[in-house]
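Right, one structure below, let's go through it.
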Amino acid sequence: MRLFRKSMLSATVLALSTAAVVTVTAQPAQAQTYTSAPLTAWAYTDAARPTTADPNPSGDAPIGASDDAGTRHVRRAYFTFDITAYRSQILHRATLYSSERTVRDCTAAAPIEVWRTKPVTATTTWAKAPKALELVGQYTLGKGIICPGAYLGIDVIPAIEAALDRREKTITFEVRVAASAENDLAVARTMRQFALSTASNHAPVVSAPKLLNPDRPCGTLEKHPFAGGPYTRFNVQAADADGDYARITYATWPVAEPEKRVESTSIERDLREFPDGTVIAWQAQARDNDDAGPWSRTCYLTVDNTAPAKAPVVFSKKYNVPGYPGSGGQGVAGAFVFDAEGDRDIVSFEYRLSSGFLQSAKAGRPGGRARVELTPANDGRQRVEARSVDRAGNRGPFQTYEFWVRDTAPFAEIDVAGVNLTSHITLGSRAAEATSFGYALNGGTEVRVAVVDGKGTGEIVFPSAGSHTVALRAYAGNKLLGADTETVRVSDAPGIASEEFNWLSSPLSGEPGSFRFTPRTTDVVAYRYEFDNGEQGTVDAGADGTAVLEWTPQDGRYYEITVVSVRADGSVTEPAREQFFVISTKPYLSSDYGTNWPDTDGVGRPVTVSIDSDLPGVTGFVYSFDGGAEKETTDGAHAYVDVVPRHAGENTFTARARRSDGTLSPAATLTFTVTDAPVVDVKGPYGQTPMIGREATFTIAPAVPGIVGYRYNWGGWGEEQQLAADADGNATLVWTPESGSYEMLVIYGVTADGTVTESRTVGFGIDDQNVSVSATWSEWWPSGGMGVPGRIGFHASPSEATKRYLWRVGDGPMQAVDRDPDALVTDVPYTPDSSGELVVQVQREFVDGVLSTISEHRLLVGTMPLVEADRLQDNQWNGEPGEAGVFRFSGGTTGIVSYDYRVEDYTAGTEAATGTVAADGTGAAQVSFTPAESHYYIVTVTGRTADGTVTDQGRLSFSV
């Protein structure tokens, strides 16, 4: 039976010219195939030539009547298409279409008929026309539409599908004027050759259905597998001839209850919802973006959710000693047997050695045994864990079999000479009975060596650089005692040795030394070397392949040398690298000049110089600055000294290390260039930081002589301003900041001839006079409530400039509170007497008696009632169960007539008490509560006014 078609398109006649744009429904990307069915034959017949055949003529198809030289012609057209390609596809569109070429009379309505007929042949004529089989459709062209050029499109999906169901390979359509008007000259026309366009899709198909976990075949109703547990998996192979992605749907249902069929895209099904013995049927279906394929054949399983209750018996003849010194040996295989002890439900076992991966072994028969060989990789206590697996894949409990593996494996020391050079191997074992050792390189032939004085020695040649595997075995006669594997990293990089330049030596700069390079491969003729300072070169190798490099370090520091061997053919080996440290005979000098931003260094500003030496026996340093008198430190090999530049430009610091024998090292020199930018000091009213609304003073001093004035701007981009200097080049700038929290002054000096110095950028913070407020209440959302105590906190910077804060709420009196010297914020208690907005005004009095401006802060007070208790205090442990306590509710807002309360036993997750209590004339109320258990309780309360308005929620929590 053929697959059904996806959709039906109505036969349409579109009044479009042949040049018109046709809009079609968008289709999924890379899904349907859009093509045209091959036209295998076509013909038109002529009543005026009833016996003349004209198969596959060129040109258009004439239909209807015409008079040519007095002869009346009546013509019909036939088109045969190959439809075999659609036998295995689903048709989404099949349109027989054409358009007019010529029309005799566009005012006349032309009744057009399309018939399905027998195929066109080479002998098709008017007299032997293909037999009409069924009328496909009737259509009207001409009057009222575009003419000529009307488009005729007919949906022929039903006709094609019927033909395919009849297993026909072709389909033929006849196009004619209806018999009632066929002789009417006015309705005759020529049509372009008809074509058959299609949109089709191969529906995906599935095959090879089976179960996974457990791995079982599909099965039949009479003979099928068992399965159970939460993770039974289904599996099929899906194929789509169009290459589309296929999604799989699985259907399952109890055979006895087909109405419980469940379809899902999950590959897993939890079978625990079915009782043991239930027979489950299942199928799979694949679907692409357009169509669903056929369902697979039905598979079956019987549910078995009951896992084996008993662990298998595990034993081994070779590994049967539970304690030291054990039996067998590392690398020695031993047989282990798992026994189901006749439980015929058991068909296999899962096992692992120590912490290895689980493996599976089939029982020789249901309820029988399985034998496996395991090779311990380590000595000492080991274990095999095994569990039974039944026919449904259910796993039973693990059985743990512990044993001790004797320490018999050989060990080896390999002196690796390099590549293609003879290396030496020395083997040993803790097994005293060992008579020989074997070793094999990279799976090659084993070499046997005898044990002499407990050791065996041999030679081994590594053929290339890289990792190599050496298999080791110990024997007593021909009996394998133990085995192990060594992984050896082999390099052909040369050896680098030096008596002077290594981590254990203390070479000095300027003192000569040497390096010896030795080959670690054959045919070495030279060595290339490079130091990390770029110094490089080549030294030729002697007849023995070695070479010596004489070298003298010029500086004291860390060095790295890289060396490669050069073979006769020009190829090089892997590089070898060595690092070492050379002690400088000169001190190491560094300074903090220019390390700050903005840069505050300059003429007259101290510079700290760090002096260090790694020379042994250093007791101090002799130094001088900018040609001045020498001074000396006596604090050992590390010292810090301050120097003050007296001029712009280069300043030179020179130091020598003094050693314990009184000798001085060579001198080290540090030169730093001091800017000629002016030096600026900033002073605000209470320190170095300016303050908004208060004068700040900038004292400016020149770094070079001849300064007559200064140019400056704010921020680096503001309008440039000028400032005159006094006779010494000094100037004072007074500035009052109006806003901001940070500013920069950019300033440079000007000489009489207009020469300008480098610029100085002075960055500084700006303090705000105003006081910031933090409180129990926020300016963004309401909190607390009328009558609920809280706090208001004041803070201002710099805090040490503040003597006290002056504050008030609303129209209340101004109050004063001294700044708390031990806290960042100075708090005052406050209880709101109303809900809504609180306006807090505050200013500070500075230590010099000046008052700041007044700032306003708005806080929002909510309607939360105050919850108080006589005994059951908030956030505390209180008394014992059975002791009553009283809660008092008040405040929140005005006009409260009652309170709704709830006591939750949070520990138990239950409601301990709830109710409503009327407020007294003051808007307060109280209730009594007796906790029954030693639990954690939460009390929540809301007030209610006469009009039903509910307040915010108040809360109290306590533990008993």
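So you can find residues: chains in the structure tokens are A, B, ... in the order shown, residues in each start at 1, and ligands are numbered from 1 in order.
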Selection near Tyr936 (chain A), 8 Å with only C-alpha atoms, sequence-local residues under 5 positions removed, as number ranges by chain: A: 905-907, 957-960
With all heavy atoms retained, export the selected residues as a PDB file, in the first residue's frame.
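Writing done, so here's out_16.pdb:
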```
ATOM      1  N   ASP A 905       4.697  27.686  63.406  1.00  0.00           N
ATOM      2  CA  ASP A 905       5.702  26.779  63.961  1.00  0.00           C
ATOM      3  C   ASP A 905       6.595  26.377  62.774  1.00  0.00           C
ATOM      4  O   ASP A 905       6.308  25.433  62.037  1.00  0.00           O
ATOM      5  CB  ASP A 905       5.039  25.553  64.581  1.00  0.00           C
ATOM      6  CG  ASP A 905       6.049  24.632  65.270  1.00  0.00           C
ATOM      7  OD1 ASP A 905       7.235  24.674  64.887  1.00  0.00           O
ATOM      8  OD2 ASP A 905       5.649  23.853  66.151  1.00  0.00           O
ATOM      9  N   TYR A 906       7.672  27.132  62.587  1.00  0.00           N
ATOM     10  CA  TYR A 906       8.503  26.952  61.395  1.00  0.00           C
ATOM     11  C   TYR A 906       9.166  25.573  61.391  1.00  0.00           C
ATOM     12  O   TYR A 906       9.324  24.942  60.351  1.00  0.00           O
ATOM     13  CB  TYR A 906       9.562  28.048  61.342  1.00  0.00           C
ATOM     14  CG  TYR A 906      10.379  28.052  60.079  1.00  0.00           C
ATOM     15  CD1 TYR A 906       9.910  28.674  58.931  1.00  0.00           C
ATOM     16  CD2 TYR A 906      11.630  27.437  60.046  1.00  0.00           C
ATOM     17  CE1 TYR A 906      10.655  28.673  57.770  1.00  0.00           C
ATOM     18  CE2 TYR A 906      12.387  27.432  58.888  1.00  0.00           C
ATOM     19  CZ  TYR A 906      11.890  28.053  57.752  1.00  0.00           C
ATOM     20  OH  TYR A 906      12.636  28.043  56.613  1.00  0.00           O
ATOM     21  N   THR A 907       9.565  25.101  62.558  1.00  0.00           N
ATOM     22  CA  THR A 907      10.231  23.804  62.650  1.00  0.00           C
ATOM     23  C   THR A 907       9.308  22.692  62.182  1.00  0.00           C
ATOM     24  O   THR A 907       9.718  21.801  61.427  1.00  0.00           O
ATOM     25  CB  THR A 907      10.693  23.538  64.084  1.00  0.00           C
ATOM     26  OG1 THR A 907      11.523  24.615  64.519  1.00  0.00           O
ATOM     27  CG2 THR A 907      11.461  22.228  64.177  1.00  0.00           C
ATOM     28  N   SER A 957      10.451  36.873  65.416  1.00  0.00           N
ATOM     29  CA  SER A 957      10.758  35.438  65.441  1.00  0.00           C
ATOM     30  C   SER A 957      11.491  35.112  66.724  1.00  0.00           C
ATOM     31  O   SER A 957      12.216  35.944  67.276  1.00  0.00           O
ATOM     32  CB  SER A 957      11.614  35.057  64.231  1.00  0.00           C
ATOM     33  OG  SER A 957      12.840  35.748  64.238  1.00  0.00           O
ATOM     34  N   PHE A 958      11.295  33.894  67.220  1.00  0.00           N
ATOM     35  CA  PHE A 958      11.926  33.498  68.467  1.00  0.00           C
ATOM     36  C   PHE A 958      12.029  31.979  68.498  1.00  0.00           C
ATOM     37  O   PHE A 958      11.380  31.259  67.731  1.00  0.00           O
ATOM     38  CB  PHE A 958      11.123  34.010  69.668  1.00  0.00           C
ATOM     39  CG  PHE A 958       9.707  33.465  69.725  1.00  0.00           C
ATOM     40  CD1 PHE A 958       9.411  32.310  70.448  1.00  0.00           C
ATOM     41  CD2 PHE A 958       8.680  34.103  69.042  1.00  0.00           C
ATOM     42  CE1 PHE A 958       8.110  31.823  70.495  1.00  0.00           C
ATOM     43  CE2 PHE A 958       7.387  33.619  69.085  1.00  0.00           C
ATOM     44  CZ  PHE A 958       7.092  32.462  69.810  1.00  0.00           C
ATOM     45  N   SER A 959      12.855  31.493  69.393  1.00  0.00           N
ATOM     46  CA  SER A 959      13.036  30.053  69.585  1.00  0.00           C
ATOM     47  C   SER A 959      12.755  29.705  71.023  1.00  0.00           C
ATOM     48  O   SER A 959      13.014  30.499  71.942  1.00  0.00           O
ATOM     49  CB  SER A 959      14.464  29.634  69.217  1.00  0.00           C
ATOM     50  OG  SER A 959      14.715  29.864  67.849  1.00  0.00           O
ATOM     51  N   VAL A 960      12.200  28.532  71.233  1.00  0.00           N
ATOM     52  CA  VAL A 960      11.881  28.043  72.586  1.00  0.00           C
ATOM     53  C   VAL A 960      12.641  26.748  72.804  1.00  0.00           C
ATOM     54  O   VAL A 960      12.666  25.881  71.934  1.00  0.00           O
ATOM     55  CB  VAL A 960      10.365  27.812  72.740  1.00  0.00           C
ATOM     56  CG1 VAL A 960      10.077  27.209  74.115  1.00  0.00           C
ATOM     57  CG2 VAL A 960       9.617  29.117  72.550  1.00  0.00           C
TER      58      VAL A 960
END
```
Residue contacts of Thr951 (chain A) (12 Å, only C-alpha atoms) excluding same-chain residues fewer than 3 positions away, as a VMD selection string: chain A and resid 782 to 786 835 861 to 866 890 to 900 940 to 948 954
Prev. selection, C-alpha atoms, output as an mmCIF file, in the first residue's frame:
```cif
data_model
loop_
_atom_site.group_PDB
_atom_site.id
_atom_site.type_symbol
_atom_site.label_atom_id
_atom_site.label_comp_id
_atom_site.auth_asym_id
_atom_site.auth_seq_id
_atom_site.Cartn_x
_atom_site.Cartn_y
_atom_site.Cartn_z
ATOM 1 C CA PRO A 782 8.792 52.229 52.103
ATOM 2 C CA SER A 783 9.997 50.313 55.137
ATOM 3 C CA GLY A 784 9.279 50.275 58.862
ATOM 4 C CA GLY A 785 6.227 52.036 60.151
ATOM 5 C CA MET A 786 4.857 54.685 62.466
ATOM 6 C CA SER A 835 3.999 56.946 57.822
ATOM 7 C CA VAL A 861 8.273 55.225 56.073
ATOM 8 C CA GLY A 862 5.974 52.265 55.526
ATOM 9 C CA THR A 863 2.979 51.057 57.493
ATOM 10 C CA MET A 864 4.548 48.068 59.269
ATOM 11 C CA PRO A 865 3.185 47.696 62.806
ATOM 12 C CA LEU A 866 5.503 47.345 65.789
ATOM 13 C CA SER A 890 0.975 49.014 67.845
ATOM 14 C CA GLY A 891 1.837 51.748 65.355
ATOM 15 C CA GLY A 892 2.267 51.226 61.649
ATOM 16 C CA THR A 893 -0.110 53.996 60.613
ATOM 17 C CA THR A 894 -3.012 56.013 62.002
ATOM 18 C CA GLY A 895 -6.579 54.748 62.227
ATOM 19 C CA ILE A 896 -5.879 51.083 62.920
ATOM 20 C CA VAL A 897 -8.933 49.310 64.334
ATOM 21 C CA SER A 898 -7.683 45.703 64.410
ATOM 22 C CA TYR A 899 -4.694 43.445 63.829
ATOM 23 C CA ASP A 900 -4.552 40.117 61.960
ATOM 24 C CA THR A 940 3.543 37.973 61.396
ATOM 25 C CA VAL A 941 1.089 40.856 61.946
ATOM 26 C CA THR A 942 -0.824 43.264 59.701
ATOM 27 C CA GLY A 943 -3.002 46.163 60.845
ATOM 28 C CA ARG A 944 -6.381 47.041 59.356
ATOM 29 C CA THR A 945 -8.076 50.454 59.247
ATOM 30 C CA ALA A 946 -11.807 51.151 59.355
ATOM 31 C CA ASP A 947 -12.041 51.331 55.556
ATOM 32 C CA GLY A 948 -10.396 47.888 55.227
ATOM 33 C CA GLY A 954 5.315 43.288 60.926
#
```
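Within the 7 Å cut-off around Ala925 (chain A), using only C-alpha atoms and omitting residues fewer than 5 positions from it on the same chain, the listed residues are Arg888, Phe889, Ser890, Val917, Ala918, Ala919 and Asp920 of chain A.
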7 Å contact set for Tyr748 (chain A), only C-alpha atoms, chain neighbours under 4 positions out, as a PyMOL selection string: chain A and resi 677-678+710-712+756-760
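Separating CA of Gly790 (chain A) from CA of Ala823 (chain A) is a distance of 18.0 Å.
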CA of Ala440 (chain A) to CA of Ile414 (chain A), distance in Å rounded to a single decimal: 12.9 Å
Exercise: region 592-598 of chain A partners within 7 Å, only C-alpha atoms, chain neighbours under 4 positions left out, as a list in words: Val607, Thr608, Val609, Thr761, Val762 and Gly763 of chain A
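Note that the spacing between CA of Ala65 (chain A) and CA of Pro119 (chain A) amounts to 23.5 Å.
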For His73 (chain A), the nearest of the candidates A:Ala188, A:Arg93, A:Trp714, A:Cys147, counting only C-alpha atoms: A:Ala188
Would you pick out the contacts of Leu353 (chain A) at 8 Å or less, using only C-alpha atoms, so that residues sharing its chain but fewer than 6 positions from it are not included, and give the list as a short mmCIF file (atom, residue, chain, number, x, y, z; two decimals) with all heavy atoms, in the first residue's frame?
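Everything below was put into out-v1.cif:
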```cif
data_model
loop_
_atom_site.label_atom_id
_atom_site.label_comp_id
_atom_site.auth_asym_id
_atom_site.auth_seq_id
_atom_site.Cartn_x
_atom_site.Cartn_y
_atom_site.Cartn_z
N LEU A 374 42.26 -12.61 34.53
CA LEU A 374 42.57 -11.24 34.95
C LEU A 374 44.04 -11.16 35.33
O LEU A 374 44.59 -12.11 35.91
CB LEU A 374 41.69 -10.82 36.13
CG LEU A 374 40.19 -10.82 35.87
CD1 LEU A 374 39.43 -10.49 37.16
CD2 LEU A 374 39.84 -9.83 34.79
N PRO A 376 46.58 -8.87 37.47
CA PRO A 376 46.80 -7.75 38.38
C PRO A 376 47.99 -6.90 37.95
O PRO A 376 49.05 -7.44 37.60
CB PRO A 376 47.05 -8.42 39.74
CG PRO A 376 46.52 -9.82 39.59
CD PRO A 376 46.72 -10.18 38.16
N GLN A 382 44.26 -6.68 46.58
CA GLN A 382 43.47 -6.42 45.38
C GLN A 382 42.09 -7.04 45.58
O GLN A 382 41.87 -7.83 46.52
CB GLN A 382 44.14 -7.01 44.13
CG GLN A 382 45.54 -6.51 43.87
CD GLN A 382 45.58 -5.05 43.49
OE1 GLN A 382 44.77 -4.60 42.70
NE2 GLN A 382 46.50 -4.30 44.08
N ARG A 383 41.18 -6.72 44.69
CA ARG A 383 39.84 -7.29 44.82
C ARG A 383 39.20 -7.44 43.43
O ARG A 383 39.51 -6.68 42.51
CB ARG A 383 38.95 -6.43 45.70
CG ARG A 383 38.57 -5.09 45.10
CD ARG A 383 37.70 -4.28 46.05
NE ARG A 383 37.25 -3.02 45.45
CZ ARG A 383 37.96 -1.91 45.42
NH1 ARG A 383 39.18 -1.89 45.99
NH2 ARG A 383 37.49 -0.81 44.86
N VAL A 384 38.35 -8.43 43.33
CA VAL A 384 37.49 -8.60 42.17
C VAL A 384 36.05 -8.44 42.65
O VAL A 384 35.64 -9.08 43.63
CB VAL A 384 37.68 -9.98 41.50
CG1 VAL A 384 36.58 -10.23 40.47
CG2 VAL A 384 39.04 -10.05 40.84
N GLU A 385 35.31 -7.55 41.99
CA GLU A 385 33.90 -7.37 42.30
C GLU A 385 33.09 -7.95 41.14
O GLU A 385 33.38 -7.69 39.97
CB GLU A 385 33.57 -5.89 42.47
CG GLU A 385 34.25 -5.25 43.67
CD GLU A 385 33.99 -3.76 43.77
OE1 GLU A 385 34.27 -3.05 42.79
OE2 GLU A 385 33.51 -3.32 44.82
#
```
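Considering the residues A:Phe846, A:Asp952, A:Ala199, A:Val939 and counting only C-alpha atoms, Val886 (chain A) has its shortest atom-to-atom contact with A:Val939.
Among the candidate residues A:Ser834, A:Ser327, A:Ser514, A:Ser464, the one lying nearest to Ala493 (chain A) is A:Ser464, with distances computed using only C-alpha atoms.
For the choices A:Thr669, A:Thr278, A:Thr95, A:Asn213, the atom-to-atom distance to Ile157 (chain A) is smallest for A:Thr95 when using only C-alpha atoms.
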Residues near region 282-285 of chain A, cut-off 12 Å, only C-alpha atoms, skip fewer than 2 positions along chain, as a ChimeraX atom specification: /A:203-211,218-221,224,233-239,246-255,258,260-269,279-280,287-288,291-302
Just C-alpha atoms for this one: save the residues we selected as a PDB file, in the first residue's frame.
```
ATOM      1  CA  ALA A 203       9.684   9.511   3.953  1.00  0.00           C
ATOM      2  CA  PRO A 204      12.382   8.102   6.221  1.00  0.00           C
ATOM      3  CA  VAL A 205      12.252   4.406   7.077  1.00  0.00           C
ATOM      4  CA  VAL A 206      13.534   2.451  10.037  1.00  0.00           C
ATOM      5  CA  SER A 207      15.128  -0.979  10.201  1.00  0.00           C
ATOM      6  CA  ALA A 208      16.896  -3.363  12.545  1.00  0.00           C
ATOM      7  CA  PRO A 209      14.812  -2.715  15.664  1.00  0.00           C
ATOM      8  CA  LYS A 210      16.335  -4.081  18.860  1.00  0.00           C
ATOM      9  CA  LEU A 211      16.741  -3.418  22.568  1.00  0.00           C
ATOM     10  CA  CYS A 218      13.387  -7.476  18.425  1.00  0.00           C
ATOM     11  CA  GLY A 219      11.580 -10.750  19.058  1.00  0.00           C
ATOM     12  CA  THR A 220       8.160 -11.997  18.099  1.00  0.00           C
ATOM     13  CA  LEU A 221       5.005 -12.441  20.127  1.00  0.00           C
ATOM     14  CA  HIS A 224      10.949 -12.501  22.608  1.00  0.00           C
ATOM     15  CA  ARG A 233      16.498   1.484  25.623  1.00  0.00           C
ATOM     16  CA  PHE A 234      15.081   1.002  22.149  1.00  0.00           C
ATOM     17  CA  ASN A 235      17.209   1.219  19.019  1.00  0.00           C
ATOM     18  CA  VAL A 236      16.555   1.348  15.279  1.00  0.00           C
ATOM     19  CA  GLN A 237      18.495   2.366  12.193  1.00  0.00           C
ATOM     20  CA  ALA A 238      16.890   5.291  10.346  1.00  0.00           C
ATOM     21  CA  ALA A 239      17.503   6.090   6.672  1.00  0.00           C
ATOM     22  CA  ALA A 246      15.120  11.939  10.818  1.00  0.00           C
ATOM     23  CA  ARG A 247      13.552  12.071  14.271  1.00  0.00           C
ATOM     24  CA  ILE A 248      12.542   8.778  15.827  1.00  0.00           C
ATOM     25  CA  THR A 249       9.305   8.186  17.711  1.00  0.00           C
ATOM     26  CA  TYR A 250       8.856   5.046  19.786  1.00  0.00           C
ATOM     27  CA  ALA A 251       5.483   3.542  20.673  1.00  0.00           C
ATOM     28  CA  THR A 252       4.955   1.086  23.522  1.00  0.00           C
ATOM     29  CA  TRP A 253       1.867  -0.606  24.881  1.00  0.00           C
ATOM     30  CA  PRO A 254       0.851  -3.680  26.859  1.00  0.00           C
ATOM     31  CA  VAL A 255      -0.265  -6.338  24.407  1.00  0.00           C
ATOM     32  CA  PRO A 258      -3.524  -1.689  23.271  1.00  0.00           C
ATOM     33  CA  LYS A 260      -2.567   2.280  26.595  1.00  0.00           C
ATOM     34  CA  ARG A 261      -0.258   2.915  23.665  1.00  0.00           C
ATOM     35  CA  VAL A 262       2.267   5.687  24.471  1.00  0.00           C
ATOM     36  CA  GLU A 263       4.375   7.481  21.862  1.00  0.00           C
ATOM     37  CA  SER A 264       7.553   9.313  22.794  1.00  0.00           C
ATOM     38  CA  THR A 265      10.787  10.554  21.232  1.00  0.00           C
ATOM     39  CA  SER A 266      12.759   9.272  24.223  1.00  0.00           C
ATOM     40  CA  ILE A 267      14.882   6.209  23.536  1.00  0.00           C
ATOM     41  CA  GLU A 268      14.357   5.055  27.132  1.00  0.00           C
ATOM     42  CA  ARG A 269      11.321   3.610  28.855  1.00  0.00           C
ATOM     43  CA  VAL A 279       4.161  -8.497  27.584  1.00  0.00           C
ATOM     44  CA  ILE A 280       5.013  -5.138  26.003  1.00  0.00           C
ATOM     45  CA  ARG A 287       9.889  11.489  10.620  1.00  0.00           C
ATOM     46  CA  ASP A 288      11.634  14.242   8.671  1.00  0.00           C
ATOM     47  CA  ASP A 291       6.528  13.307   6.424  1.00  0.00           C
ATOM     48  CA  ALA A 292       6.390  10.387   8.784  1.00  0.00           C
ATOM     49  CA  GLY A 293       7.532   7.054   7.474  1.00  0.00           C
ATOM     50  CA  PRO A 294       5.883   3.708   8.114  1.00  0.00           C
ATOM     51  CA  TRP A 295       5.971   2.139  11.549  1.00  0.00           C
ATOM     52  CA  SER A 296       8.504  -0.632  11.989  1.00  0.00           C
ATOM     53  CA  ARG A 297       7.447  -4.170  12.533  1.00  0.00           C
ATOM     54  CA  THR A 298       6.155  -4.804  16.046  1.00  0.00           C
ATOM     55  CA  CYS A 299       8.661  -6.087  18.579  1.00  0.00           C
ATOM     56  CA  TYR A 300       7.900  -7.622  21.947  1.00  0.00           C
ATOM     57  CA  LEU A 301       9.401  -8.040  25.393  1.00  0.00           C
ATOM     58  CA  THR A 302       8.309  -9.474  28.708  1.00  0.00           C
TER      59      THR A 302
END
```
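Distances to Gly636 (chain A) were evaluated for A:Val618, A:Val817, A:Ala869, A:Ile154 using only C-alpha atoms, and the minimum falls at A:Val618.
For the set A:Ala629, A:Met691, A:Leu664, A:Val704, the residue with the smallest atom-to-atom gap to Gly765 (chain A) is A:Met691, counting only C-alpha atoms.
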DSSP-assigned helix (DSSP H, G or I) among region 201-428 of chain A, expressed as an MDAnalysis selection string: chainID A and resid 258:260 271:273
Members of region 43-221 of chain A assigned strand (DSSP E) by DSSP, as a ChimeraX atom specification: /A:43-46,61-68,71-82,90-103,110-117,132-141,151-155,170-177,189-191,195-201,205-212,216-217
